[in-house]
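Read the structure below first, then the notes.
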Amino acid sequence: MNEQNLRQRRKGARARYKVGRDATPSRPEYRKRGHNTVASLRGMPVLLALVVLLLVAAPLVVAAPPEQNAAPTLVPPTLVLVEEASMIDALPSESGAARIQREGVVRVGVLFNEAPFGELSTRTDENGSLIISGFDADLGRSMAEAWGVTAEFMQATRQTGVDLVASGDIDLLLGAQPHLRELDQRIEFSQAYYPSVQAMMVRDGDDALGLAQMADRNVGVVVGTRGETAVGWWFGRVAYTANVLPYYTLDAALAALLSGEVDGVVENRIRLTRAISEPGVVRILDEPVMPEPYAIGLRRQDVNLRSLVDRTLQYLLQSGRLNEIHRANFADIDYPPGTLITWANVGDEAPRPEQFGADVPLPSQYVLPRLQNERVIRVAGIGELPADSGESARRLDAVNRTLVNAMAERWGVTVVIVPDGAANPIGSVASGQADLAINLVPDWASASQVDFTGYYLVHGLQMMVETDRNIFSIGDLRGKAVGVFNNESGVVDVLRAQAEAARAIISDPYQIREEDAAFSILAATDINLDAVVGDSMKLVPHLEDNGEELSILADADGNAVWFSRFYVAMAVPRNDIDFRLLVEYTLQEMILDGTLQSTISPVLRPQDVPRYDVWPGAFEYMGFNLRREG
C-alpha cells in the first residue's frame with residue numbers, strides 16, 4: 001500500500017470517528033492519543049465521558065493505597081482508533097521534510113506533564129490557547145523557526161509517543177524520549193540532545209560510593225517506569241543482584257528510603273534531584289544505573305528528515321540557541337558540554353527543509369544479508385603506510401585495524417581490506433565496493449552519500465609544556481619560544497588567533513619534527529622551546545615517555561585545553577539502517593566492556609576519552625551476539 005493510500009485511509013478513519021462520535025465505532029480497539037490544546041469533555045456523550053474518567057482514575061482505585069496515588073496527566077488522553085500494524089510500519093514514500101515544506105507546519109509530540117522538558121502551563125498565548133512550555137517545547141519551536149514553518153504541538157504520552165511517530169500522526173517526538181534499542185525497529189532517532197540517566201539515590205549517611213556496594217540490599221523502584229527497565233539492564237550486566245521492592249509512586253519510594261525500608265531508589269536523575277527538599281538527607285550516586293540519552297524520534301528510514309533534524313540541532317548548538325533555551329529551562333545552567341557534536345560544514349545559516357530530498361532513498365543492496373551469508377566485511381579507509389610515517393600515524397593505523405578486527409570477531413566474519421579504499425573511503429562505501437569505512441570525520445558535504453556512525457575517537461590541537469614551567473594559559477607564552485610540527489598546516493594561524501584573543505604576543509613558532517618534540521623542550525639546545533602545539537595523537541608518545549616532566553596545558557579544573565577538536569567515526573551505506581544499528585550497537589558494547597577505551601589508548605590519553613552515548617537494550621541483534629566472549 002503506498003503512502004498516499006495510507007494517508008487517505010487514516011484521513012477516512014479520523015473522519016468516520018469524528019462524524020460518528022455519538023455511535024459506537026465499528027472497530028473494538030482503541031489507543032490513547034493526545035492533542036495540541038486542552039482536551040475537553042464538553043460535547044462528548046455523557047456515557048463516553050464517564051468511561052474516559054473511569055479509565056484515567058482506574059489505577060488509583062485498583063493498584064495503590066492513598067499515599068501512592070499517581071498524579072493524573074494535565075490533559076485527559078482521548079480514545080482513538082487503532083490502525084493496523086501493517087499500516088503503521090509501512091515505509092513512507094515521501095520524506096517528512098517534503099511535507100513540512102509543502103504545508104508549512106511541523107507536527108511535534110511533547111509531554112504535557114514532564115517539567116522541565118514539557119509542561120502545559122496556565123499562561124495563554126495571543127490566541128487564548130494554553131502555552132506548552134519546557135526545554136523540549138522550546139527546542140521544537142526553535143527548529144520550526146529555523147525552518148521557516150509553524151510548530152504544531154500534540155500531546156504525547158510515554159505510551160503513545162512512539163505510535164504517533166510510526167503512524168505518521170506527528171513528524172517529531174520531542175517527549176523526553178530516551179533512545180532505547182527496542183524502539184529502533186519501529187522508529188528512528190536523531191543525535192542525542194540531552195544526556196539523561198537513571199540514577200540511584202541513597203541516604204546521605206550511607207557508605208555506598210558505587211552501584212556494586214548496593215549488592216544484596218533493598219532497592220526501590222516505581223512500577224511501570226523506566227526505573228524498572230534500568231534495574232533489569234543493570235543486573236543483566238553485573239555478577240551480583242539486589243532485592244527490588246516495587247512502589248506505585250516516587251513519593252512512596254522516597255518515603256521508604258527515609259524510613260529505612262529500602263537502601264536506594266532508582267529513578268531518572270532529574271526527577272530525583274527535583275525531589276530533594278533539603279540538603280544533608282539524601283544524595284545521588286555518581287555512577288549511573290542506566291544511560292537514557294534523549295533523542296528526537298521520527299519515522300524509520302526517513303533519512304532526509306533525520307539529516308534535516310541532526311543538522312538543525314548542530315546549527316542550534318553552534319549558534320548558541322541551544323544554550324539559551326537550556327538556561328531558560330534549567331535555572332541559568334549552561335547546556336551540558338560534549339552532549340552534541342557538530343560535523344564539518346554544518347554552516348552558519350539555518351538548514352531548510354527544501355535543501356533535503358523529498359524522497360526516501362533505499363540502498364541498492366543491504367549489507368546484513370550478504371554479511372550473514374558470505375561472512376565477510378569489506379572495509380575502506382585502511383591502507384599501507386609510507387615508509388617514513390611518524391609514530392602517531394603508525395599507532396593510528398594499528399588502532400583502526402584492531403578496532404575493525406575486534407568488531408568482526410564479535411560478528412564471526414572475516415575482514416577484507418578494499419584495495420585503494422584508503423584513497424576514497426566515502427566513494428568506496430557509496431559505490432557499494434565497501435560495507436564500512438573507518439577513520440572519518442563526519443562531514444555534511446558527504447551526508448548525501450553515506451551515513452556516519454557515532455564517533456569512536458577524538459583528536460585535535462593541544463599544547464604540551466614542561467610541567468614546572470608555570471605555563472597555565474596562552475597568555476603565559478609572552479616572550480617564550482613555541483614549536484609546531486613541520487608536517488601540520490594551519491596550526492600557526494590557530495595559535496596566533498588564540499594569542500590575539502588573550503592579548504598576548506608570541507614570536508614566530510619554530511618548525512620541528514614530530515619525533516623531536518620532547519627533546520626540543522627538555523634538552524638544553526639553542527632553541528630550548530617552552531611549549532609545542534600540535535595534534536594530540538603526536539603528543540601522546542612524548543607524554544608516555546616523559547610523564548613527570550611534560551604535561552598538557554589544562555584549565556583551572558584540570559581539564560585539557562583543546563584549541564581544535566575532531567571526532568572520528570565510521571561510514572556505512574546511506575539509509576541501510578539495520579547495518580548501521582549493528583555497527584552502533586557493537587561500538588556501544590565495546591564501550592561498556594572497556595574494549596574501545598583500551599583499543600584507542602595508544603593515541604588518546606585516558607583523561608581525554610570523550611563521553612560516549614550508549615543506547616540501553618539487548619546485546620543480541622539480527623542473530624549476532626555483540627558481547628565479548630570470555
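Just so we're on the same page: first chain in the C-alpha cells is A, next is B, and so on; residues restart at 1 for each chain, and ligands are numbered from 1 in the order they show up.
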Practice problem: Excluding Glu94 in chain A and any residue of its chain fewer than 3 positions from it, enumerate the residues within 8 Å of it, using only C-alpha atoms, and give them as a list in words. | Solution: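 The neighbour list is Glu3, Ala98, Arg99, Ala358, Asp359 and Val360 of chain A.
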Quiz item: DSSP says helix (DSSP H, G or I) for which residues of range 211-256 of chain A? Put them as a list in words?
Solution: Leu211, Ala212, Gln213, Met214, Arg226, Gly227, Glu228, Thr229, Ala230, Val231, Gly232, Trp233, Trp234, Phe235, Leu250, Asp251, Ala252, Ala253, Leu254, Ala255 and Ala256 of chain A
Practice problem: Could you please determine the separation between CA of Ala434 in chain A and CA of Ala380 in chain A in Å, to one decimal place? | Solution: 6.0 Å
Exercise. Name the residues in contact with range 177-190 of chain A at a cut-off of 7 Å, using only C-alpha atoms, excluding same-chain residues fewer than 4 positions from it; report them as number ranges by chain.
Key: A: 89, 166, 292-301, 306, 309-310, 615-617
Exercise. Excluding Ser536 in chain A and any residue of its chain fewer than 6 positions from it, enumerate the residues within 6 Å of it, using only C-alpha atoms, and give them as a PyMOL selection string.
Key: chain A and resi 459-462
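Proximity ranking of A:Phe356, A:Phe519, A:Tyr456, A:Tyr247 relative to Leu305 in chain A places A:Phe356 first, based on only C-alpha atoms.
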Quiz item: Out of range 74-319 of chain A, which residues get strand (DSSP E) from DSSP, as a ChimeraX atom specification?
Solution: /A:78-81,105-110,113-114,118-124,130-133,150-155,172-173,187-194,197-203,218-222,243-247,264-268,282-284,290-291,294-299
Quiz item: Could you pull the residues within 9 Å of Ala212 in chain A, counting only C-alpha atoms, minus those fewer than 4 positions along the same chain, as a PyMOL selection string?
Solution: chain A and resi 208+238+240
Self-check item: Interatomic distance (Å, one decimal) between CA of Ser95 in chain A and CA of Glu354 in chain A
Solution: 11.0 Å
Practice problem: Record the distance separating CA of Ala137 in chain A and CA of Gly161 in chain A, expressed in Å with one decimal. | Solution: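 Going from CA of Ala137 in chain A over to CA of Gly161 in chain A, I get 14.6 Å.
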Quiz item: From the set A:Gly421, A:Val568, A:Ile471, A:Leu340, which residue has the shortest atom-to-atom contact distance to Arg611 in chain A, counting only C-alpha atoms?
Solution: A:Leu340
Practice problem: For Asp613 in chain A, list every protein, DNA or RNA residue within 9 Å, evaluated using only C-alpha atoms, and leave out those in the same chain fewer than 6 positions away; present the list as number ranges by chain. | Solution: A: 192, 195, 291-293, 339, 454, 588
Put those residues in a file: C-alpha atoms, as a tab-separated table (two decimals), in the first residue's frame.
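Full text of part_36.tsv as output:
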chain	number	residue	atom	x	y	z
A	192	ALA	CA	21.03	12.56	21.32
A	195	PRO	CA	22.41	13.20	28.48
A	291	PRO	CA	22.08	5.77	30.44
A	292	GLU	CA	18.98	7.07	28.69
A	293	PRO	CA	20.10	9.71	26.19
A	339	THR	CA	26.42	16.29	24.64
A	454	GLY	CA	28.70	7.64	16.34
A	588	GLN	CA	28.48	0.65	22.33
Quiz prompt | Residue with smallest distance to Gly623 in chain A - pool A:Val583, A:Leu368, A:Ala422, A:Val222, counting only C-alpha atoms | solution = A:Leu368
